[in-house]
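Notes follow the structure.
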Amino acid sequence: EMYDRLEDIYGLGRFNFGGEGAIYMSQGTEDGGGVTSGSQEDEEDASLFDDILSGGTTNGKTSSSDSVLDDLFSASSASEVPAVSDDSQSRVGGAASSHDCSIDLNELPPFEQFRVLHVDPMVIAVDDFFTSEECDKYVQMSIDAENNQDQEAGALQPLLLGQSQTVGKDSRSKAQRTSTTWFHHYAGVPELMARAARLLGLPGISRFEEPQTVRYRRSEKFTWHLDALSPDVANDSSSAGQRVSTLLVYLTDLKSEEGGATMFRDLGGDGPLKVRPKKGSALLFFPSAGGIPDCPFDIRTLHCGEAVSEDAPNEKWIAQLWLRQRDYTPTAPAGSEHRKATVAIQEYCKSAGSE
């Protein structure tokens with residue numbers, strides 16, 4: 001059912017599949033046309049889409065704190081991304097674009113440890129996304145960049161942005177996020193790029209925004225927000241379109257009482273759905289409404305980063321990626337391009353496949 005929903009609703013027909021020899025092929029009609037929905041399912045889908053477009057309810061409950069949503073709709077609460085130029089019309093599972101060469105991901109094994117945390121909208125945990133060593137590597141490369149920021153930047157040194165702030169018009173909006181963010185070269189994080197493309201079943205990485213690592217020190221947080229871009233940005237014909245998926249990779253462990261959870265306000269029934277940081281685990285969800293023209297907000301994905309406890313033994317570290325509708329042109333760090341990561345990704349795939 002997870003694979004069917006990812007294909008039918010979000011267009012990820014090659015999810016967790018790197019090419020010929022897929023561990024999963026679309027089940028349903030004999031001609032491979034996917035799962036055929038019955039009339040009852042069609043009615044449920046129509047009701048779902050009406051719910052999304054009308055403001056969204058969960059388990060029959062109307063969302064509270066409408067003023068929060070009013071603020072979010074006035075401007076995107078995701079990290080600010082400059083307008084970009086893009087003429088590609090590529091789709092999930094389509095041919096590789098001119099932004100990069102296609103990547104052979106067949107040597108990477110499929111992911112096996114999935115937890116479906118919420119079905120509609122889909123929220124998935126992938127517990128075998130990163131090794132412990134890879135997590136430590138990403139934390140250390142970020143710390144090294146911070147320590148060396150006054151020196152001449154190396155070829156692939158991440159760009160430290162300092163205190164990350166969300167897009168907003170007032171002090172309240174600017175205080176939403178108190179973490180620190182690094183923008184990485186695609187070539188500097190081949191493990192993340194290869195595994196993300198492998199998971200989503202993409203032929204390349206050209207639709208991904210700049211890869212980032214984020215640190216939350218004790219007491220730091222990210223208040224309620226949507227990852228989807230504001231309509232004026234997403235619908236700009238010169239842009240890469242809407243953010244269609246969010247991938248968070250937890251690089252450190254935090255226990256339930258230590259805070260730092262990713263919380264979805266409207267998906268948990270009696271309370272928010274809380275996802276505890278688990279080292280090496282990835283969290284995948286979809287901030288825009290799959291299957292609906294122009295990919296509007298899916299406001300049911302309203303979420304926050306819970307404050308890290310003052311006495312937590314670890315800081316919270318994550319790596320994050322957003323996938324856009326079309327090819328994306330990066331703006332930071334200077335000189336970062338998707339195509340420059342091809343060699344590093346292929347070398348990583350070969351080494352990972354031989355282990």
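To be explicit about the labels: the chains of the structure tokens are called A, B, and onward in the order shown, and within each one the residues are counted from 1, while ligands get numbers from 1 in the order they are shown.
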
Contacts of segment 125-142 of chain A within 6 Å, only C-alpha atoms, excl. fewer than 4 positions in-chain, as an MDAnalysis selection string = chainID A and resid 113:115 251 280:283

Save out the residues we just selected, N, CA and C atoms, as a PDB file, in the first residue's frame.
```
ATOM      1  N   GLN A 113      14.221  -0.816   5.912  1.00  0.00           N
ATOM      2  CA  GLN A 113      13.641  -0.549   7.233  1.00  0.00           C
ATOM      3  C   GLN A 113      12.726   0.676   7.177  1.00  0.00           C
ATOM      4  N   PHE A 114      11.481   0.451   6.805  1.00  0.00           N
ATOM      5  CA  PHE A 114      10.499   1.517   6.700  1.00  0.00           C
ATOM      6  C   PHE A 114       9.526   1.477   7.864  1.00  0.00           C
ATOM      7  N   ARG A 115       9.123   2.673   8.293  1.00  0.00           N
ATOM      8  CA  ARG A 115       8.003   2.809   9.231  1.00  0.00           C
ATOM      9  C   ARG A 115       7.036   3.830   8.637  1.00  0.00           C
ATOM     10  N   LEU A 251      21.071  13.093  12.335  1.00  0.00           N
ATOM     11  CA  LEU A 251      22.488  12.780  12.461  1.00  0.00           C
ATOM     12  C   LEU A 251      22.907  12.509  13.901  1.00  0.00           C
ATOM     13  N   GLY A 280      20.814   8.240  11.950  1.00  0.00           N
ATOM     14  CA  GLY A 280      20.829   7.442  10.726  1.00  0.00           C
ATOM     15  C   GLY A 280      19.485   7.263  10.069  1.00  0.00           C
ATOM     16  N   SER A 281      18.420   7.662  10.751  1.00  0.00           N
ATOM     17  CA  SER A 281      17.067   7.523  10.214  1.00  0.00           C
ATOM     18  C   SER A 281      16.683   8.763   9.417  1.00  0.00           C
ATOM     19  N   ALA A 282      15.921   8.552   8.347  1.00  0.00           N
ATOM     20  CA  ALA A 282      15.429   9.662   7.534  1.00  0.00           C
ATOM     21  C   ALA A 282      13.921   9.777   7.677  1.00  0.00           C
ATOM     22  N   LEU A 283      13.428  10.999   7.573  1.00  0.00           N
ATOM     23  CA  LEU A 283      11.998  11.284   7.615  1.00  0.00           C
ATOM     24  C   LEU A 283      11.605  11.878   6.273  1.00  0.00           C
TER      25      LEU A 283
END
```

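With distances restricted to only C-alpha atoms, A:Ala334 is the closest residue to Phe183 of chain A from A:Leu108, A:Cys295, A:Ala334, A:Met2.
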
Within 12 Å of Leu6 of chain A, counting only C-alpha atoms, which residues show up once you throw out same-chain ones fewer than 4 positions away? Write them as a ChimeraX atom specification, please.
-> /A:1-2,10-16,26,34-35,92,116,119-124,199-201,244-245,284-286,290-291

Since we have the selection now, will you write its residues out, keeping N, CA, C and O atoms, as a short mmCIF file (atom, residue, chain, number, x, y, z; two decimals), in the first residue's frame?
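Ended up saving to again.cif:
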```cif
data_model
loop_
_atom_site.label_atom_id
_atom_site.label_comp_id
_atom_site.auth_asym_id
_atom_site.auth_seq_id
_atom_site.Cartn_x
_atom_site.Cartn_y
_atom_site.Cartn_z
N GLU A 1 0.83 -1.21 0.00
CA GLU A 1 0.00 0.00 0.00
C GLU A 1 0.86 1.26 0.00
O GLU A 1 0.54 2.24 -0.66
N MET A 2 1.99 1.23 0.72
CA MET A 2 2.88 2.39 0.75
C MET A 2 3.37 2.72 -0.66
O MET A 2 3.32 3.87 -1.10
N TYR A 10 1.71 10.71 -5.35
CA TYR A 10 2.89 11.59 -5.41
C TYR A 10 3.75 11.40 -6.65
O TYR A 10 4.76 12.08 -6.81
N GLY A 11 3.35 10.47 -7.53
CA GLY A 11 4.07 10.29 -8.78
C GLY A 11 5.40 9.59 -8.66
O GLY A 11 6.21 9.63 -9.59
N LEU A 12 5.66 8.92 -7.54
CA LEU A 12 6.94 8.25 -7.33
C LEU A 12 6.84 6.78 -7.71
O LEU A 12 6.90 5.88 -6.86
N GLY A 13 6.69 6.52 -8.99
CA GLY A 13 6.50 5.16 -9.47
C GLY A 13 7.74 4.30 -9.36
O GLY A 13 7.66 3.08 -9.48
N ARG A 14 8.91 4.89 -9.14
CA ARG A 14 10.14 4.13 -9.01
C ARG A 14 10.74 4.28 -7.61
O ARG A 14 11.96 4.16 -7.42
N PHE A 15 9.90 4.53 -6.64
CA PHE A 15 10.37 4.70 -5.27
C PHE A 15 11.18 3.49 -4.82
O PHE A 15 10.79 2.34 -5.03
N ASN A 16 12.33 3.75 -4.21
CA ASN A 16 13.21 2.70 -3.67
C ASN A 16 13.69 1.74 -4.76
O ASN A 16 13.88 0.56 -4.52
N SER A 26 5.08 -2.12 -10.07
CA SER A 26 3.70 -1.71 -9.83
C SER A 26 2.76 -2.91 -9.94
O SER A 26 2.76 -3.62 -10.93
N GLY A 34 -0.40 0.22 -13.14
CA GLY A 34 -0.59 0.69 -11.78
C GLY A 34 -1.84 0.11 -11.16
O GLY A 34 -2.55 -0.68 -11.76
N VAL A 35 -2.13 0.52 -9.98
CA VAL A 35 -3.27 0.01 -9.23
C VAL A 35 -4.53 0.67 -9.73
O VAL A 35 -4.60 1.89 -9.91
N VAL A 92 8.94 13.33 -12.09
CA VAL A 92 9.47 12.19 -11.36
C VAL A 92 9.51 10.99 -12.28
O VAL A 92 8.54 10.68 -12.96
N VAL A 116 5.82 3.41 8.37
CA VAL A 116 4.80 4.34 7.88
C VAL A 116 4.16 4.99 9.11
O VAL A 116 3.40 4.36 9.84
N VAL A 119 -0.54 7.70 7.04
CA VAL A 119 -0.89 7.24 5.70
C VAL A 119 -1.34 8.37 4.80
O VAL A 119 -0.96 8.46 3.63
N ASP A 120 -2.17 9.25 5.31
CA ASP A 120 -2.75 10.29 4.47
C ASP A 120 -2.81 11.62 5.23
O ASP A 120 -3.68 11.80 6.07
N PRO A 121 -1.86 12.52 4.97
CA PRO A 121 -0.77 12.45 3.99
C PRO A 121 0.32 11.49 4.45
O PRO A 121 0.47 11.21 5.65
N MET A 122 1.10 11.01 3.50
CA MET A 122 2.11 10.02 3.80
C MET A 122 3.30 10.64 4.54
O MET A 122 3.84 11.66 4.13
N VAL A 123 3.65 10.02 5.65
CA VAL A 123 4.86 10.38 6.41
C VAL A 123 5.59 9.07 6.69
O VAL A 123 5.02 8.14 7.27
N ILE A 124 6.85 8.98 6.26
CA ILE A 124 7.59 7.73 6.31
C ILE A 124 8.93 7.93 7.01
O ILE A 124 9.62 8.92 6.76
N LEU A 199 16.28 6.51 -3.03
CA LEU A 199 15.03 6.34 -2.30
C LEU A 199 13.84 6.78 -3.13
O LEU A 199 12.82 6.07 -3.21
N LEU A 200 13.94 7.95 -3.77
CA LEU A 200 12.81 8.50 -4.52
C LEU A 200 12.71 7.95 -5.93
O LEU A 200 11.75 8.25 -6.65
N GLY A 201 13.68 7.17 -6.36
CA GLY A 201 13.63 6.57 -7.68
C GLY A 201 13.89 7.55 -8.80
O GLY A 201 13.29 7.44 -9.87
N VAL A 244 8.04 19.44 -3.57
CA VAL A 244 7.11 18.31 -3.57
C VAL A 244 7.46 17.27 -2.52
O VAL A 244 6.62 16.43 -2.18
N SER A 245 8.68 17.28 -2.01
CA SER A 245 9.01 16.37 -0.92
C SER A 245 10.08 16.98 -0.03
O SER A 245 10.92 17.76 -0.49
N LEU A 284 10.63 11.27 5.61
CA LEU A 284 10.17 11.72 4.30
C LEU A 284 8.69 12.10 4.38
O LEU A 284 7.88 11.32 4.87
N PHE A 285 8.37 13.31 3.92
CA PHE A 285 6.97 13.71 3.81
C PHE A 285 6.81 14.67 2.65
O PHE A 285 7.80 15.07 2.01
N PHE A 286 5.57 15.05 2.37
CA PHE A 286 5.25 15.74 1.13
C PHE A 286 4.48 17.03 1.43
O PHE A 286 3.29 17.00 1.74
N GLY A 290 0.03 16.30 -3.59
CA GLY A 290 0.27 15.47 -4.76
C GLY A 290 -1.02 15.16 -5.50
O GLY A 290 -2.06 14.91 -4.91
N GLY A 291 -0.96 15.18 -6.84
CA GLY A 291 -2.11 14.84 -7.65
C GLY A 291 -3.05 15.98 -7.95
O GLY A 291 -4.00 15.84 -8.70
#
```

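Considering only C-alpha atoms, the residue among A:Ser288, A:Gln346, A:Ser179, A:Ser354 positioned nearest to Ile9 of chain A is A:Ser288.
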
Identify all residues of segment 240-330 of chain A in helix (DSSP H, G or I) (DSSP on the backbone) and supply them as a ChimeraX atom specification.
-> /A:256-258,299-301

Restricting it to C-alpha atoms, dump the selection as a PDB file, in the first residue's frame.
```pdb
ATOM      1  CA  SER A 256      11.811  11.463  24.040  1.00  0.00           C
ATOM      2  CA  GLU A 257      12.435  13.474  27.220  1.00  0.00           C
ATOM      3  CA  GLU A 258      15.338  15.350  25.568  1.00  0.00           C
ATOM      4  CA  ILE A 299      -1.553  22.433   5.208  1.00  0.00           C
ATOM      5  CA  ARG A 300      -1.954  19.135   7.019  1.00  0.00           C
ATOM      6  CA  THR A 301       1.875  18.930   6.965  1.00  0.00           C
TER       7      THR A 301
END
```

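Coordinates place atom CA of Trp322 of chain A at a distance of 9.5 Å from atom CA of Ala228 of chain A.
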
Quick one: everything within 8 Å of Ile103 of chain A, counting only C-alpha atoms, minus sequence neighbours fewer than 6 positions away in the same chain. Send it as an MDAnalysis selection string.
-> chainID A and resid 203:204 342 345:346

Save out the residues we just selected, all heavy atoms, as a PDB file, in the first residue's frame.
```pdb
ATOM      1  N   PRO A 203      16.335   9.552 -11.686  1.00  0.00           N
ATOM      2  CA  PRO A 203      17.467   9.235 -12.554  1.00  0.00           C
ATOM      3  C   PRO A 203      18.656  10.149 -12.325  1.00  0.00           C
ATOM      4  O   PRO A 203      19.733   9.920 -12.868  1.00  0.00           O
ATOM      5  CB  PRO A 203      16.895   9.433 -13.960  1.00  0.00           C
ATOM      6  CG  PRO A 203      15.868  10.506 -13.777  1.00  0.00           C
ATOM      7  CD  PRO A 203      15.256  10.247 -12.418  1.00  0.00           C
ATOM      8  N   GLY A 204      18.489  11.207 -11.564  1.00  0.00           N
ATOM      9  CA  GLY A 204      19.555  12.169 -11.300  1.00  0.00           C
ATOM     10  C   GLY A 204      19.173  13.036 -10.124  1.00  0.00           C
ATOM     11  O   GLY A 204      18.170  12.808  -9.450  1.00  0.00           O
ATOM     12  N   THR A 342      28.556  14.327 -10.151  1.00  0.00           N
ATOM     13  CA  THR A 342      28.351  13.034 -10.806  1.00  0.00           C
ATOM     14  C   THR A 342      29.470  12.047 -10.490  1.00  0.00           C
ATOM     15  O   THR A 342      29.209  10.892 -10.127  1.00  0.00           O
ATOM     16  CB  THR A 342      28.233  13.218 -12.328  1.00  0.00           C
ATOM     17  OG1 THR A 342      27.158  14.109 -12.608  1.00  0.00           O
ATOM     18  CG2 THR A 342      27.966  11.884 -13.006  1.00  0.00           C
ATOM     19  N   ILE A 345      29.426  10.890  -6.836  1.00  0.00           N
ATOM     20  CA  ILE A 345      28.290  10.002  -6.564  1.00  0.00           C
ATOM     21  C   ILE A 345      28.546   8.616  -7.130  1.00  0.00           C
ATOM     22  O   ILE A 345      28.296   7.599  -6.477  1.00  0.00           O
ATOM     23  CB  ILE A 345      26.995  10.606  -7.140  1.00  0.00           C
ATOM     24  CG1 ILE A 345      26.599  11.853  -6.344  1.00  0.00           C
ATOM     25  CG2 ILE A 345      25.864   9.574  -7.114  1.00  0.00           C
ATOM     26  CD1 ILE A 345      25.413  12.592  -6.926  1.00  0.00           C
ATOM     27  N   GLN A 346      29.066   8.540  -8.362  1.00  0.00           N
ATOM     28  CA  GLN A 346      29.328   7.231  -8.951  1.00  0.00           C
ATOM     29  C   GLN A 346      30.404   6.478  -8.174  1.00  0.00           C
ATOM     30  O   GLN A 346      30.301   5.264  -7.965  1.00  0.00           O
ATOM     31  CB  GLN A 346      29.749   7.398 -10.406  1.00  0.00           C
ATOM     32  CG  GLN A 346      28.648   7.903 -11.333  1.00  0.00           C
ATOM     33  CD  GLN A 346      27.487   6.923 -11.533  1.00  0.00           C
ATOM     34  OE1 GLN A 346      26.596   7.169 -12.316  1.00  0.00           O
ATOM     35  NE2 GLN A 346      27.458   5.826 -10.814  1.00  0.00           N
TER      36      GLN A 346
END
```

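Reported to one decimal place, the separation of atom CA of Cys304 of chain A from atom CA of Thr262 of chain A is 5.8 Å.
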
Measuring atom to atom with only C-alpha atoms, identify which of A:Pro211, A:Gly241, A:Gly268, A:Pro277 is nearest to Asp253 of chain A.
-> A:Pro277

Residues at most 8 Å from Glu337 of chain A, counting only C-alpha atoms, excluding those fewer than 4 positions away in the same chain, as a ChimeraX atom specification?
-> /A:185-186,329-330,341

What would the file look like if the residues just selected were written as an mmCIF file, in the first residue's frame with all heavy atoms?
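In the end it all went to result33.cif:
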```
data_model
loop_
_atom_site.group_PDB
_atom_site.id
_atom_site.type_symbol
_atom_site.label_atom_id
_atom_site.label_comp_id
_atom_site.auth_asym_id
_atom_site.auth_seq_id
_atom_site.Cartn_x
_atom_site.Cartn_y
_atom_site.Cartn_z
ATOM 1 N N HIS A 185 28.096 21.926 -1.021
ATOM 2 C CA HIS A 185 28.254 21.580 -2.429
ATOM 3 C C HIS A 185 27.666 20.192 -2.651
ATOM 4 O O HIS A 185 27.844 19.283 -1.829
ATOM 5 C CB HIS A 185 29.740 21.555 -2.805
ATOM 6 C CG HIS A 185 30.388 22.902 -2.823
ATOM 7 N ND1 HIS A 185 30.526 23.646 -3.975
ATOM 8 C CD2 HIS A 185 30.945 23.636 -1.820
ATOM 9 C CE1 HIS A 185 31.146 24.784 -3.687
ATOM 10 N NE2 HIS A 185 31.405 24.814 -2.391
ATOM 11 N N TYR A 186 26.986 20.001 -3.778
ATOM 12 C CA TYR A 186 26.457 18.672 -4.098
ATOM 13 C C TYR A 186 27.582 17.641 -4.123
ATOM 14 O O TYR A 186 27.417 16.504 -3.638
ATOM 15 C CB TYR A 186 25.756 18.695 -5.457
ATOM 16 C CG TYR A 186 24.524 19.575 -5.501
ATOM 17 C CD1 TYR A 186 24.581 20.863 -6.032
ATOM 18 C CD2 TYR A 186 23.300 19.116 -5.014
ATOM 19 C CE1 TYR A 186 23.462 21.668 -6.064
ATOM 20 C CE2 TYR A 186 22.165 19.923 -5.049
ATOM 21 C CZ TYR A 186 22.252 21.203 -5.569
ATOM 22 O OH TYR A 186 21.144 22.011 -5.598
ATOM 23 N N THR A 329 18.175 25.476 -10.079
ATOM 24 C CA THR A 329 19.482 26.102 -10.229
ATOM 25 C C THR A 329 19.971 26.582 -8.867
ATOM 26 O O THR A 329 19.381 27.500 -8.289
ATOM 27 C CB THR A 329 19.418 27.295 -11.199
ATOM 28 O OG1 THR A 329 18.962 26.842 -12.473
ATOM 29 C CG2 THR A 329 20.803 27.932 -11.353
ATOM 30 N N PRO A 330 21.043 25.987 -8.341
ATOM 31 C CA PRO A 330 21.521 26.363 -6.999
ATOM 32 C C PRO A 330 22.168 27.745 -6.996
ATOM 33 O O PRO A 330 22.682 28.211 -8.019
ATOM 34 C CB PRO A 330 22.539 25.274 -6.676
ATOM 35 C CG PRO A 330 23.034 24.810 -8.014
ATOM 36 C CD PRO A 330 21.854 24.908 -8.931
ATOM 37 N N ALA A 341 28.758 16.856 -9.211
ATOM 38 C CA ALA A 341 28.709 15.787 -8.204
ATOM 39 C C ALA A 341 28.677 14.399 -8.824
ATOM 40 O O ALA A 341 28.768 13.405 -8.105
ATOM 41 C CB ALA A 341 27.485 15.975 -7.302
#
```

Excluding Arg217 of chain A and any residue of its chain fewer than 4 positions from it, enumerate the residues within 9 Å of it, using only C-alpha atoms, and give them as a VMD selection string.
-> chain A and resid 178 to 180 221 307 to 310 314 to 317

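If you look at atom CA of His338 of chain A and atom CA of Ala194 of chain A, they are 11.7 Å away from each other.
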
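The shell of residues at most 10 Å from Phe264 of chain A, with only C-alpha atoms counted and near chain neighbours (fewer than 6 positions) removed, consists of Val123, Trp224, His225, Gly271, Pro272, Leu273, Lys274, Val275, Arg300, Thr301, Leu302, His303, Cys304 and Gly305 of chain A.
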
Put those residues in a file: C-alpha atoms, as a compact mmCIF listing (two decimals), in the first residue's frame.
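Okay, selection-v2.txt is ready:
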```txt
# COMPACT_ATOMS: atom_id res chain seq x y z
CA VAL A 123 4.86 10.38 6.41
CA TRP A 224 5.15 25.79 13.35
CA HIS A 225 5.73 26.19 9.63
CA GLY A 271 -1.91 15.16 20.01
CA PRO A 272 0.82 16.00 17.51
CA LEU A 273 2.57 13.20 15.65
CA LYS A 274 6.07 13.28 17.18
CA VAL A 275 9.10 11.84 15.42
CA ARG A 300 -1.95 19.14 7.02
CA THR A 301 1.87 18.93 6.97
CA LEU A 302 2.21 21.91 9.32
CA HIS A 303 5.10 20.93 11.58
CA CYS A 304 7.74 22.23 13.95
CA GLY A 305 11.11 21.34 15.43
```

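Using only C-alpha atoms, the shortest contact distance between Ile318 of chain A and any of A:Leu159, A:Ala261, A:Ala234, A:Leu117 is found at A:Ala261.
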
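Comparing the minimum interatomic distances between Pro287 of chain A and each of A:Arg218, A:Arg265, A:Arg243, A:Lys255, counting only C-alpha atoms, we find that A:Arg243 sits nearest.
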